[in-house]
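Undergrad: Please find start-v8.csv (CSV, C-alpha atoms and all ligand atoms) on the next line:
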```csv
chain,number,residue,atom,x,y,z
C,1,MET,CA,0.0,0.0,0.0
C,2,GLU,CA,1.2,3.5,-0.8
C,3,THR,CA,1.3,5.8,2.1
C,4,LYS,CA,0.5,9.5,1.3
C,5,LEU,CA,2.0,12.1,3.6
C,6,LEU,CA,0.0,15.4,3.1
C,7,LYS,CA,0.3,18.8,4.9
C,8,ALA,CA,-3.0,19.7,6.6
C,9,ASP,CA,-5.1,21.8,4.3
C,10,LYS,CA,-8.7,22.0,3.2
C,11,GLU,CA,-8.2,19.3,0.6
C,12,SER,CA,-6.2,16.8,2.6
C,13,LEU,CA,-8.6,17.2,5.6
C,14,SER,CA,-11.6,16.4,3.4
C,15,LEU,CA,-9.7,13.4,1.9
C,16,ALA,CA,-9.0,12.2,5.5
C,17,GLY,CA,-12.6,12.6,6.4
C,18,ARG,CA,-13.7,10.6,3.4
C,19,LEU,CA,-11.2,7.8,3.9
C,20,LEU,CA,-12.2,7.5,7.6
C,21,SER,CA,-15.9,7.5,6.9
C,22,GLU,CA,-15.3,4.7,4.4
C,23,GLY,CA,-13.6,2.5,7.0
C,24,ASN,CA,-9.9,3.3,6.4
C,25,VAL,CA,-7.1,4.1,8.9
C,26,VAL,CA,-5.6,7.6,8.8
C,27,ALA,CA,-2.8,9.1,11.0
C,28,ILE,CA,-3.7,12.4,12.5
C,29,PRO,CA,-2.0,15.1,14.6
C,30,THR,CA,-3.2,15.9,18.1
C,31,GLU,CA,-1.7,18.2,20.7
C,32,THR,CA,-0.2,15.2,22.6
C,33,VAL,CA,1.1,12.8,20.0
C,34,TYR,CA,0.0,11.6,16.5
C,35,GLY,CA,-2.9,9.2,16.5
C,36,LEU,CA,-3.8,6.3,14.3
C,37,ALA,CA,-7.5,6.9,13.7
C,38,ALA,CA,-10.5,4.9,12.6
C,39,ASP,CA,-14.3,5.2,12.8
C,40,ALA,CA,-15.0,4.2,16.4
C,41,PHE,CA,-18.3,2.5,15.4
C,42,ASN,CA,-16.7,0.4,12.6
C,43,GLY,CA,-15.2,-2.8,14.2
C,44,ASN,CA,-13.4,-3.8,11.0
C,45,ALA,CA,-11.7,-0.4,10.7
C,46,VAL,CA,-10.6,-0.5,14.3
C,47,ALA,CA,-9.2,-4.0,13.8
C,48,ASP,CA,-7.0,-2.6,11.0
C,49,VAL,CA,-5.6,-0.1,13.5
C,50,PHE,CA,-4.4,-3.0,15.7
C,51,ARG,CA,-2.9,-4.7,12.7
C,52,ALA,CA,-1.1,-1.6,11.5
C,53,LYS,CA,0.4,-1.0,15.0
C,54,GLY,CA,1.0,-4.7,15.9
C,55,ARG,CA,-0.9,-3.9,19.1
C,56,PRO,CA,-1.8,-6.7,21.6
C,57,GLN,CA,-5.5,-7.4,21.3
C,58,ASP,CA,-6.3,-6.7,25.0
C,59,ASN,CA,-5.2,-3.0,25.0
C,60,PRO,CA,-8.2,-0.8,24.4
C,61,LEU,CA,-8.3,2.4,22.4
C,62,ILE,CA,-9.3,6.0,23.3
C,63,VAL,CA,-12.2,7.5,21.4
C,64,HIS,CA,-11.7,11.1,20.2
C,65,ILE,CA,-14.6,13.6,19.9
C,66,SER,CA,-14.9,17.1,18.5
C,67,ASP,CA,-18.0,18.2,20.5
C,68,ILE,CA,-19.0,17.5,24.1
C,69,CYS,CA,-22.5,16.3,22.8
C,70,GLN,CA,-20.8,13.2,21.4
C,71,VAL,CA,-20.1,11.9,24.9
C,72,GLU,CA,-23.6,10.5,25.0
C,73,LEU,CA,-23.0,8.5,21.9
C,74,LEU,CA,-20.2,6.7,23.7
C,75,ALA,CA,-20.9,6.7,27.5
C,76,ARG,CA,-23.8,5.3,29.4
C,77,LEU,CA,-23.3,7.7,32.2
C,78,PHE,CA,-21.7,11.2,32.3
C,79,PRO,CA,-21.2,11.6,36.1
C,80,GLU,CA,-21.0,15.0,37.8
C,81,ASN,CA,-17.2,14.8,38.4
C,82,ALA,CA,-16.6,13.9,34.7
C,83,LYS,CA,-18.7,17.0,33.7
C,84,LYS,CA,-16.6,19.2,36.0
C,85,LEU,CA,-13.4,17.9,34.5
C,86,ALA,CA,-14.7,18.3,30.9
C,87,ASP,CA,-15.7,21.9,31.7
C,88,LYS,CA,-12.2,22.6,33.0
C,89,PHE,CA,-9.9,20.6,30.8
C,90,TRP,CA,-11.7,19.9,27.5
C,91,PRO,CA,-10.7,20.4,24.8
C,92,GLY,CA,-7.3,19.3,25.9
C,93,PRO,CA,-4.9,16.4,26.9
C,94,LEU,CA,-7.3,14.6,29.3
C,95,THR,CA,-8.9,11.2,28.7
C,96,MET,CA,-11.7,10.1,30.9
C,97,ILE,CA,-12.7,6.4,31.4
C,98,LEU,CA,-16.5,6.1,31.7
C,99,PRO,CA,-19.1,3.3,31.5
C,100,LYS,CA,-19.5,2.5,27.8
C,101,ARG,CA,-22.6,2.2,25.6
C,102,SER,CA,-23.2,-1.2,24.1
C,103,GLU,CA,-23.1,0.3,20.5
C,104,ILE,CA,-19.3,0.7,20.8
C,105,PRO,CA,-17.7,-2.4,19.2
C,106,ASP,CA,-15.6,-4.7,21.3
C,107,GLU,CA,-12.6,-4.0,19.0
C,108,VAL,CA,-12.4,-0.6,20.6
C,109,THR,CA,-12.7,-1.5,24.3
C,110,CYS,CA,-11.3,-5.1,24.1
C,111,GLY,CA,-14.3,-6.4,26.0
C,112,LEU,CA,-14.2,-3.9,28.9
C,113,ASP,CA,-17.4,-2.3,30.0
C,114,THR,CA,-15.8,1.1,30.0
C,115,VAL,CA,-14.5,3.5,27.3
C,116,GLY,CA,-11.8,6.1,27.2
C,117,ILE,CA,-13.0,9.5,25.8
C,118,ARG,CA,-10.9,12.5,24.8
C,119,PHE,CA,-11.8,15.8,23.2
C,120,PRO,CA,-8.4,17.0,21.7
C,121,SER,CA,-7.7,20.7,21.5
C,122,ASN,CA,-5.7,20.4,18.2
C,123,LYS,CA,-7.7,22.2,15.5
C,124,THR,CA,-6.6,19.8,12.8
C,125,ALA,CA,-7.7,16.8,14.9
C,126,GLN,CA,-11.1,18.5,15.5
C,127,ALA,CA,-11.5,19.3,11.8
C,128,ILE,CA,-10.8,15.7,10.8
C,129,ILE,CA,-13.3,14.3,13.4
C,130,ASN,CA,-15.8,16.7,11.9
C,131,ALA,CA,-15.0,15.7,8.4
C,132,ALA,CA,-15.3,12.0,9.2
C,133,GLY,CA,-18.7,12.7,10.8
C,134,THR,CA,-18.0,10.2,13.6
C,135,PRO,CA,-15.9,9.9,16.8
C,136,LEU,CA,-12.5,8.3,16.1
C,137,ALA,CA,-10.8,5.6,18.0
C,138,ALA,CA,-7.1,6.3,18.0
C,139,PRO,CA,-4.0,4.9,19.8
C,140,SER,CA,-0.7,6.6,19.4
C,141,ALA,CA,0.5,6.2,15.8
C,142,ASN,CA,3.8,4.3,16.6
C,143,ARG,CA,4.5,0.6,16.0
C,144,SER,CA,3.6,-1.1,19.3
C,145,GLY,CA,6.4,-0.8,21.8
C,146,SER,CA,8.3,2.1,20.1
C,147,PRO,CA,8.2,5.7,21.3
C,148,SER,CA,5.0,7.6,20.4
C,149,PRO,CA,5.4,9.8,17.3
C,150,THR,CA,5.5,13.6,17.8
C,151,THR,CA,6.0,14.5,14.2
C,152,ALA,CA,4.6,13.3,10.9
C,153,ARG,CA,8.0,12.1,9.9
C,154,HIS,CA,8.1,9.8,13.0
C,155,VAL,CA,4.7,8.3,11.9
C,156,PHE,CA,6.0,7.8,8.4
C,157,GLU,CA,9.0,5.9,9.7
C,158,ASP,CA,6.7,3.5,11.6
C,159,MET,CA,3.7,3.3,9.2
C,160,ASP,CA,5.0,3.6,5.7
C,161,GLY,CA,3.2,1.0,3.6
C,162,ARG,CA,0.7,0.1,6.3
C,163,ILE,CA,-1.9,2.9,6.1
C,164,PRO,CA,-3.1,5.0,3.2
C,165,LEU,CA,-2.7,8.5,4.6
C,166,ILE,CA,-0.8,10.6,7.2
C,167,ILE,CA,-1.9,14.2,7.8
C,168,ASP,CA,1.1,16.4,8.7
C,169,GLY,CA,0.0,19.0,11.3
C,170,GLY,CA,3.5,19.9,12.5
C,171,ASP,CA,5.2,19.2,15.8
C,172,CYS,CA,3.0,18.1,18.7
C,173,GLU,CA,2.8,20.7,21.4
C,174,VAL,CA,2.8,18.5,24.5
C,175,GLY,CA,4.8,15.5,23.2
C,176,LEU,CA,3.5,12.9,25.7
C,177,GLU,CA,0.2,11.1,25.6
C,178,SER,CA,-2.9,12.5,27.5
C,179,THR,CA,-3.5,12.1,31.2
C,180,VAL,CA,-5.9,9.1,31.7
C,181,ILE,CA,-8.3,9.1,34.7
C,182,THR,CA,-11.0,6.6,35.4
C,183,LEU,CA,-14.3,7.8,36.8
C,184,ALA,CA,-15.7,4.3,36.7
C,185,THR,CA,-14.4,3.5,40.2
C,186,GLU,CA,-15.7,4.7,43.5
C,187,ILE,CA,-12.7,7.0,44.0
C,188,PRO,CA,-11.4,8.4,40.7
C,189,MET,CA,-7.9,7.0,39.8
C,190,LEU,CA,-5.1,8.5,37.7
C,191,LEU,CA,-4.1,5.7,35.3
C,192,ARG,CA,-1.6,7.5,33.2
C,193,PRO,CA,0.0,10.8,34.1
C,194,GLY,CA,0.2,13.6,31.4
C,195,ALA,CA,0.2,17.3,31.0
C,196,ILE,CA,-2.9,17.7,33.1
C,197,THR,CA,-1.4,17.0,36.6
C,198,HIS,CA,-2.7,15.0,39.6
C,199,LYS,CA,-2.9,18.3,41.5
C,200,GLN,CA,-5.0,20.0,38.8
C,201,LEU,CA,-7.4,17.1,38.8
C,202,GLU,CA,-7.8,17.1,42.6
C,203,GLU,CA,-8.4,20.9,42.5
C,204,VAL,CA,-11.5,20.2,40.5
C,205,ILE,CA,-13.0,16.9,41.9
C,206,GLY,CA,-11.2,16.2,45.2
C,207,LYS,CA,-9.4,13.0,46.0
C,208,VAL,CA,-7.9,11.1,43.1
C,209,ASP,CA,-5.9,7.9,43.7
C,210,ILE,CA,-2.8,7.2,41.7
C,211,ALA,CA,-2.6,3.7,40.1
C,212,ALA,CA,0.4,1.6,41.4
C,213,ALA,CA,1.6,1.0,37.9
C,214,VAL,CA,2.4,4.7,37.3
C,215,LEU,CA,5.8,4.5,38.9
C,216,SER,CA,6.4,0.8,39.6
C,217,GLU,CA,6.6,-2.3,37.6
C,218,LEU,CA,3.7,-4.7,38.0
C,219,SER,CA,4.5,-8.3,38.8
C,220,ASN,CA,3.1,-10.9,36.4
C,221,GLU,CA,0.2,-11.8,38.6
C,222,GLU,CA,-1.0,-8.3,39.1
C,223,LYS,CA,-3.9,-7.1,37.0
C,224,PRO,CA,-3.4,-3.4,36.0
C,225,ALA,CA,-6.3,-0.9,36.2
C,226,SER,CA,-5.4,0.1,32.6
C,227,PRO,CA,-4.2,-2.7,30.3
C,228,GLY,CA,-1.7,-0.5,28.5
C,229,MET,CA,0.4,-0.2,31.7
C,230,LYS,CA,1.6,-3.8,31.7
C,231,TYR,CA,3.4,-3.5,28.4
C,232,LYS,CA,7.0,-2.4,27.9
C,233,HIS,CA,6.6,0.8,26.1
C,234,TYR,CA,8.2,3.8,24.4
C,235,SER,CA,11.5,2.0,24.0
C,236,PRO,CA,14.2,2.9,21.5
C,237,ARG,CA,16.3,0.0,20.2
C,238,ALA,CA,19.1,1.2,22.5
C,239,GLU,CA,19.1,0.0,26.0
C,240,VAL,CA,18.1,2.8,28.4
C,241,ILE,CA,19.4,3.1,32.0
C,242,ILE,CA,18.3,6.0,34.2
C,243,LEU,CA,21.0,7.5,36.4
C,244,ASP,CA,19.4,9.2,39.4
C,245,GLY,CA,22.0,11.5,41.1
C,246,SER,CA,23.9,14.7,40.8
C,247,ILE,CA,25.8,15.7,37.7
C,248,LYS,CA,29.1,15.0,39.5
C,249,ALA,CA,28.0,11.5,40.6
C,250,ILE,CA,26.9,10.7,37.0
C,251,GLU,CA,30.1,12.0,35.6
C,252,ASP,CA,32.1,9.7,37.9
C,253,TYR,CA,29.8,6.7,37.2
C,254,ILE,CA,30.3,7.2,33.4
C,255,LYS,CA,34.0,7.5,33.7
C,256,ILE,CA,34.2,4.0,35.1
C,257,ASN,CA,31.3,2.3,33.4
C,258,SER,CA,31.0,3.6,29.9
C,259,GLU,CA,31.8,1.7,26.7
C,260,GLN,CA,31.9,2.3,22.9
C,261,GLY,CA,28.3,3.0,21.6
C,262,ASP,CA,27.1,4.7,24.9
C,263,TYR,CA,25.2,8.0,24.8
C,264,MET,CA,24.1,10.4,27.4
C,265,LEU,CA,20.5,11.7,27.4
C,266,CYS,CA,20.8,14.9,29.5
C,267,PHE,CA,19.3,18.3,29.9
C,268,GLU,CA,20.2,21.3,27.8
C,269,GLY,CA,23.4,23.1,28.9
C,270,GLU,CA,24.8,20.0,30.6
C,271,GLU,CA,26.4,18.3,27.6
C,272,GLU,CA,29.9,19.5,28.4
C,273,PHE,CA,29.9,17.7,31.8
C,274,PHE,CA,29.8,14.2,30.3
C,275,SER,CA,32.5,12.4,28.4
C,276,LEU,CA,29.9,10.8,26.1
C,277,PRO,CA,28.2,12.0,23.0
C,278,SER,CA,24.8,13.4,24.1
C,279,VAL,CA,21.3,14.1,23.1
C,280,THR,CA,19.2,16.5,25.2
C,281,TYR,CA,15.6,16.5,26.4
C,282,GLY,CA,14.5,19.9,27.6
C,283,THR,CA,15.9,21.8,30.6
C,284,GLU,CA,16.2,20.5,34.1
C,285,ASP,CA,13.6,22.8,35.7
C,286,ASP,CA,11.1,22.8,32.9
C,287,ALA,CA,9.0,19.6,32.8
C,288,LEU,CA,7.0,20.8,29.8
C,289,SER,CA,10.1,21.2,27.7
C,290,GLN,CA,11.2,17.6,28.8
C,291,SER,CA,7.7,16.3,27.8
C,292,HIS,CA,7.9,18.0,24.5
C,293,ASP,CA,11.3,16.5,23.6
C,294,LEU,CA,11.5,13.1,25.3
C,295,PHE,CA,10.0,10.8,22.6
C,296,SER,CA,11.7,12.7,19.8
C,297,SER,CA,15.1,12.4,21.6
C,298,LEU,CA,14.6,8.7,22.2
C,299,ARG,CA,14.1,8.3,18.5
C,300,LYS,CA,17.2,10.4,17.8
C,301,VAL,CA,19.5,8.2,19.9
C,302,ASP,CA,18.5,5.3,17.7
C,303,GLU,CA,19.2,7.3,14.5
C,304,LEU,CA,22.6,8.0,15.9
C,305,GLY,CA,23.2,4.3,16.4
C,306,ALA,CA,23.5,4.3,20.2
C,307,LYS,CA,23.8,0.9,21.8
C,308,ARG,CA,23.1,2.1,25.3
C,309,VAL,CA,21.8,5.4,26.7
C,310,PHE,CA,22.3,6.8,30.2
C,311,ALA,CA,19.5,9.1,31.0
C,312,ARG,CA,19.3,11.9,33.5
C,313,CYS,CA,16.4,11.3,35.9
C,314,PRO,CA,13.7,14.0,35.8
C,315,SER,CA,12.0,15.3,38.9
C,316,ALA,CA,8.6,13.6,39.5
C,317,ASP,CA,6.8,16.9,40.4
C,318,GLY,CA,3.8,18.1,38.3
C,319,VAL,CA,4.2,17.2,34.7
C,320,GLY,CA,7.5,15.6,35.6
C,321,LEU,CA,5.5,12.6,36.8
C,322,ALA,CA,4.5,11.9,33.2
C,323,VAL,CA,8.0,12.4,32.0
C,324,LEU,CA,9.4,10.0,34.6
C,325,ASN,CA,6.6,7.5,34.0
C,326,ARG,CA,7.5,7.3,30.2
C,327,LEU,CA,11.2,7.2,30.8
C,328,LEU,CA,10.9,4.4,33.4
C,329,ARG,CA,9.1,2.3,30.8
C,330,ALA,CA,11.6,3.2,28.1
C,331,ALA,CA,14.2,1.9,30.5
C,332,GLY,CA,12.3,-1.2,31.4
C,333,PHE,CA,12.4,0.2,35.0
C,334,ARG,CA,16.3,0.1,35.1
C,335,ARG,CA,17.2,3.0,37.4
C,336,ILE,CA,20.5,3.3,39.3
C,337,THR,CA,20.5,5.5,42.3
C,338,LEU,CA,24.0,7.1,42.7
C,401,LIG,O1,-2.8,11.5,24.0
C,401,LIG,C1,-3.3,10.4,23.8
C,401,LIG,O2,-4.1,9.8,24.6
C,401,LIG,C2,-3.0,9.7,22.4
C,401,LIG,C3,-3.6,10.6,21.3
C,401,LIG,C4,-3.5,9.9,20.0
C,401,LIG,O3,-4.9,11.0,21.7
C,401,LIG,N1,-3.5,8.4,22.4
C,401,LIG,C5,-3.0,7.4,23.1
C,401,LIG,O4,-3.6,6.1,22.9
C,401,LIG,O5,-2.0,7.5,23.8
C,401,LIG,P1,-2.9,4.8,23.4
C,401,LIG,O6,-3.8,3.7,22.8
C,401,LIG,O7,-1.5,4.8,23.0
C,401,LIG,O8,-3.0,4.7,24.9
C,401,LIG,C6,-4.3,4.5,25.5
C,401,LIG,C7,-4.1,4.1,27.0
C,401,LIG,C8,-3.6,2.7,27.1
C,401,LIG,O9,-2.8,2.6,28.2
C,401,LIG,C9,-4.9,1.9,27.4
C,401,LIG,O10,-4.7,0.8,28.1
C,401,LIG,C10,-5.7,3.0,28.2
C,401,LIG,O11,-5.4,4.2,27.6
C,401,LIG,N2,-7.2,2.7,28.0
C,401,LIG,C11,-8.0,2.9,27.0
C,401,LIG,N3,-9.2,2.6,27.2
C,401,LIG,C12,-9.3,2.2,28.5
C,401,LIG,C13,-10.3,1.7,29.4
C,401,LIG,N4,-11.5,1.5,29.0
C,401,LIG,N5,-9.9,1.4,30.7
C,401,LIG,C14,-8.7,1.5,31.1
C,401,LIG,N6,-7.7,2.0,30.3
C,401,LIG,C15,-8.0,2.3,29.1
C,402,MG,MG,0.6,4.3,22.8
```
Would you mind giving the structure from this file in C-alpha cells?
Ligand code: TXA
Ligand code: MG

TA:
Amino acid sequence: METKLLKADKESLSLAGRLLSEGNVVAIPTETVYGLAADAFNGNAVADVFRAKGRPQDNPLIVHISDICQVELLARLFPENAKKLADKFWPGPLTMILPKRSEIPDEVTCGLDTVGIRFPSNKTAQAIINAAGTPLAAPSANRSGSPSPTTARHVFEDMDGRIPLIIDGGDCEVGLESTVITLATEIPMLLRPGAITHKQLEEVIGKVDIAAAVLSELSNEEKPASPGMKYKHYSPRAEVIILDGSIKAIEDYIKINSEQGDYMLCFEGEEEFFSLPSVTYGTEDDALSQSHDLFSSLRKVDELGAKRVFARCPSADGVGLAVLNRLLRAAGFRRITL
C-alpha cells in the first residue's frame, strides 16, 4: 500500500474525512502525540488499527470527539465529576474512562465495560473528526512498543506501507500522551500521568488515587487498572538506563562504566559535563520542555546508532511525573541511584 503524507489543508482534511468514513485508517496530529485513527463504530476499521500497529488485542483504544455532545453516543453515564473535568480541561490532553454504551464495538474496548474518551484541542484533529462525521478511535501512531510519534516524519518511519494517509499537522505541542483518569471507580484514579497533573485534577474533583503502575513495575500476577500499563513501552532500540543522582555522581559513574556506543540523554546546557556524545531532552527545571522533547530524543538516539543510553532522571513533580513514567518504561524500569 502506498502511504501518502500530506500537509494539513482543506483538501487533505476532506480526503482524510472521506477515507475515515469509508472505514480506512488515517494518522492524524493531536496536541499530545500523533494518533492512528479509525471510525469508532466500525469494528473492522478498528481491527485494522491493531494490525497496523502490531498492538496486543487486550489493550483498548481511546475515542476522540470534537463536540461534548458526542459523549452521550459513547458513555452510558456522564457523572458530575466527569462533567466538571470536561468543563475545565476539554478540549485538551485529558482522557476520561466512563461506563460504555453497548453500541461501541468490542474491538475498541477489548471487552471492557468502559470506554476512554478524549476531546483534543488540536484544531486539525477537530477538523478531521468533523469531516469524518464520527468519533474516532485512535491509539498513538507508533508501531507497538516504540516511542510515540510527535512529528509526521516519525509516523511515516513507523507506518510507511501500512496505512493510506498521514496528515502532517506539524510538531505536537505536548509531546507525551494524554492524562488518563478513570471515573468508573468509586474513587477516581489516575491511570496514566500527562500534561494535566494530579494536583490539577484534585483541585476540581477532590481526592484522586494514583494507580500503582504509574511508577512501579507490575508483577506478572497483578492485574493493571489500565491494560496499557503492563506492556513495555516507548523504548528505543538502544538499552536505556536511568541514572538518578547529581551531575558530579553521574560524571564519575560514566568515567568508570561507559563503553563504545554509549550515549548520554541529559538536559540542555549539561552536555559539556559528560564524556559521552549526548542528546538533550528539555531543561532541568522545565518539565513541559522535557515532555515536548522526550520521545523525539529517544528516536534520535536510535538514529545516531546508540547501543546504550544513560538518561538523567527527571523530577517527579507536576508534569514531571508523566516524563518519569514514560522514561521508566523506556528503560524497562532500570534505574540506578547514585
Ligand atoms: O494522547 C493520547 O491519549 C494519544 C492521542 C492519539 O490521543 N492516544 C494514546 O492512545 O495515547 P494509546 O492507545 O497509545 O494509549 C491509551 C491508553 C492505554 O494505556 C490503554 O490501556 C488505556 O489508555 N485505556 C484505553 N481505554 C481504557 C479503558 N476503557 N480502561 C482503562 N484503560 C484504558
Ligand atoms: Mg501508545

Undergrad: Using all atoms listed in the file, which of the listed residues (C:Asn24, C:Met96, C:Gly261, C:Val214) sits closest to Asn44 of chain C?

TA: C:Asn24

Undergrad: Of the candidates C:Glu2, C:Glu177, C:Asp39, C:Glu103, which one gets nearest to ligand LIG 401 (chain C) if we count all atoms listed in the file?

TA: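 Among the listed residues, the smallest separation from ligand LIG 401 (chain C) belongs to C:Glu177.
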
Undergrad: Let me see if you get this right: every residue at most 6 Å from ligand LIG 401 (chain C), counting all atoms listed in the file, written as a JSON list (two decimals) with C-alpha atoms, in the coordinates of the input.

TA:
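Result file follows (part_27.json):
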```json
[["chain", "number", "residue", "atom", "x", "y", "z"],
["C", 32, "THR", "CA", -0.20, 15.20, 22.60],
["C", 33, "VAL", "CA", 1.10, 12.80, 20.00],
["C", 34, "TYR", "CA", 0.00, 11.60, 16.50],
["C", 35, "GLY", "CA", -2.90, 9.20, 16.50],
["C", 59, "ASN", "CA", -5.20, -3.00, 25.00],
["C", 60, "PRO", "CA", -8.20, -0.80, 24.40],
["C", 61, "LEU", "CA", -8.30, 2.40, 22.40],
["C", 62, "ILE", "CA", -9.30, 6.00, 23.30],
["C", 97, "ILE", "CA", -12.70, 6.40, 31.40],
["C", 109, "THR", "CA", -12.70, -1.50, 24.30],
["C", 114, "THR", "CA", -15.80, 1.10, 30.00],
["C", 115, "VAL", "CA", -14.50, 3.50, 27.30],
["C", 116, "GLY", "CA", -11.80, 6.10, 27.20],
["C", 138, "ALA", "CA", -7.10, 6.30, 18.00],
["C", 139, "PRO", "CA", -4.00, 4.90, 19.80],
["C", 140, "SER", "CA", -0.70, 6.60, 19.40],
["C", 177, "GLU", "CA", 0.20, 11.10, 25.60],
["C", 178, "SER", "CA", -2.90, 12.50, 27.50],
["C", 226, "SER", "CA", -5.40, 0.10, 32.60],
["C", 227, "PRO", "CA", -4.20, -2.70, 30.30],
["C", 228, "GLY", "CA", -1.70, -0.50, 28.50],
["C", 229, "MET", "CA", 0.40, -0.20, 31.70]]
```

Undergrad: Of the candidates C:Ser296, C:Asn142, C:Ser275, C:Thr124, which shows the shortest atom-to-atom distance to Asp160 of chain C, using only C-alpha atoms?

TA: C:Asn142

Undergrad: Just the number, please: distance in Å from atom CA of Asp87 of chain C to atom CA of Leu176 of chain C, one decimal.

TA: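 If I compute the distance from atom CA of Asp87 of chain C to atom CA of Leu176 of chain C, I get 22.0 Å.
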
Undergrad: Which residue, C:Ala127, C:Leu36, C:Val26, C:Leu294, has the smallest gap to ligand MG 402 (chain C) when you use all atoms listed in the file?

TA: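 Smallest distance to ligand MG 402 (chain C) is found for C:Leu36.
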
Undergrad: Nearest to ligand MG 402 (chain C): which of C:Ser12, C:Gln70, C:Asn122, C:Ser146 is it, counting only C-alpha atoms and all ligand atoms?

TA: C:Ser146

Undergrad: Could you rebuild segment 144-156 of chain C with N, CA, C and O atoms and give me the result as an mmCIF file, in the frame of the given file?

TA:
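Generated file (rebuild-v4.cif):
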```
data_model
loop_
_atom_site.group_PDB
_atom_site.id
_atom_site.type_symbol
_atom_site.label_atom_id
_atom_site.label_comp_id
_atom_site.auth_asym_id
_atom_site.auth_seq_id
_atom_site.Cartn_x
_atom_site.Cartn_y
_atom_site.Cartn_z
ATOM 1 N N SER C 144 3.738 -0.753 17.848
ATOM 2 C CA SER C 144 3.600 -1.100 19.300
ATOM 3 C C SER C 144 4.975 -1.256 19.911
ATOM 4 O O SER C 144 5.840 -1.948 19.379
ATOM 5 N N GLY C 145 5.174 -0.615 21.061
ATOM 6 C CA GLY C 145 6.400 -0.800 21.800
ATOM 7 C C GLY C 145 7.415 0.380 21.542
ATOM 8 O O GLY C 145 8.235 0.684 22.390
ATOM 9 N N SER C 146 7.345 1.038 20.393
ATOM 10 C CA SER C 146 8.300 2.100 20.100
ATOM 11 C C SER C 146 7.804 3.444 20.623
ATOM 12 O O SER C 146 6.628 3.576 20.953
ATOM 13 N N PRO C 147 8.695 4.461 20.707
ATOM 14 C CA PRO C 147 8.200 5.700 21.300
ATOM 15 C C PRO C 147 7.113 6.353 20.440
ATOM 16 O O PRO C 147 7.119 6.249 19.220
ATOM 17 N N SER C 148 6.163 6.991 21.102
ATOM 18 C CA SER C 148 5.000 7.600 20.400
ATOM 19 C C SER C 148 5.566 8.715 19.462
ATOM 20 O O SER C 148 6.522 9.406 19.786
ATOM 21 N N PRO C 149 4.918 8.867 18.293
ATOM 22 C CA PRO C 149 5.400 9.800 17.300
ATOM 23 C C PRO C 149 4.920 11.267 17.638
ATOM 24 O O PRO C 149 3.749 11.480 17.927
ATOM 25 N N THR C 150 5.833 12.218 17.554
ATOM 26 C CA THR C 150 5.500 13.600 17.800
ATOM 27 C C THR C 150 5.625 14.481 16.562
ATOM 28 O O THR C 150 5.411 15.682 16.614
ATOM 29 N N THR C 151 6.032 13.854 15.457
ATOM 30 C CA THR C 151 6.000 14.500 14.200
ATOM 31 C C THR C 151 5.501 13.582 13.111
ATOM 32 O O THR C 151 5.489 12.357 13.321
ATOM 33 N N ALA C 152 5.078 14.149 11.967
ATOM 34 C CA ALA C 152 4.600 13.300 10.900
ATOM 35 C C ALA C 152 5.666 12.401 10.336
ATOM 36 O O ALA C 152 5.409 11.287 9.891
ATOM 37 N N ARG C 153 6.904 12.880 10.397
ATOM 38 C CA ARG C 153 8.000 12.100 9.900
ATOM 39 C C ARG C 153 8.176 10.790 10.775
ATOM 40 O O ARG C 153 8.397 9.698 10.261
ATOM 41 N N HIS C 154 8.025 10.950 12.094
ATOM 42 C CA HIS C 154 8.100 9.800 13.000
ATOM 43 C C HIS C 154 6.998 8.750 12.550
ATOM 44 O O HIS C 154 7.246 7.544 12.531
ATOM 45 N N VAL C 155 5.792 9.257 12.263
ATOM 46 C CA VAL C 155 4.700 8.300 11.900
ATOM 47 C C VAL C 155 5.082 7.625 10.595
ATOM 48 O O VAL C 155 4.920 6.406 10.477
ATOM 49 N N PHE C 156 5.631 8.397 9.639
ATOM 50 C CA PHE C 156 6.000 7.800 8.400
ATOM 51 C C PHE C 156 7.026 6.683 8.560
ATOM 52 O O PHE C 156 6.922 5.617 7.952
#
```
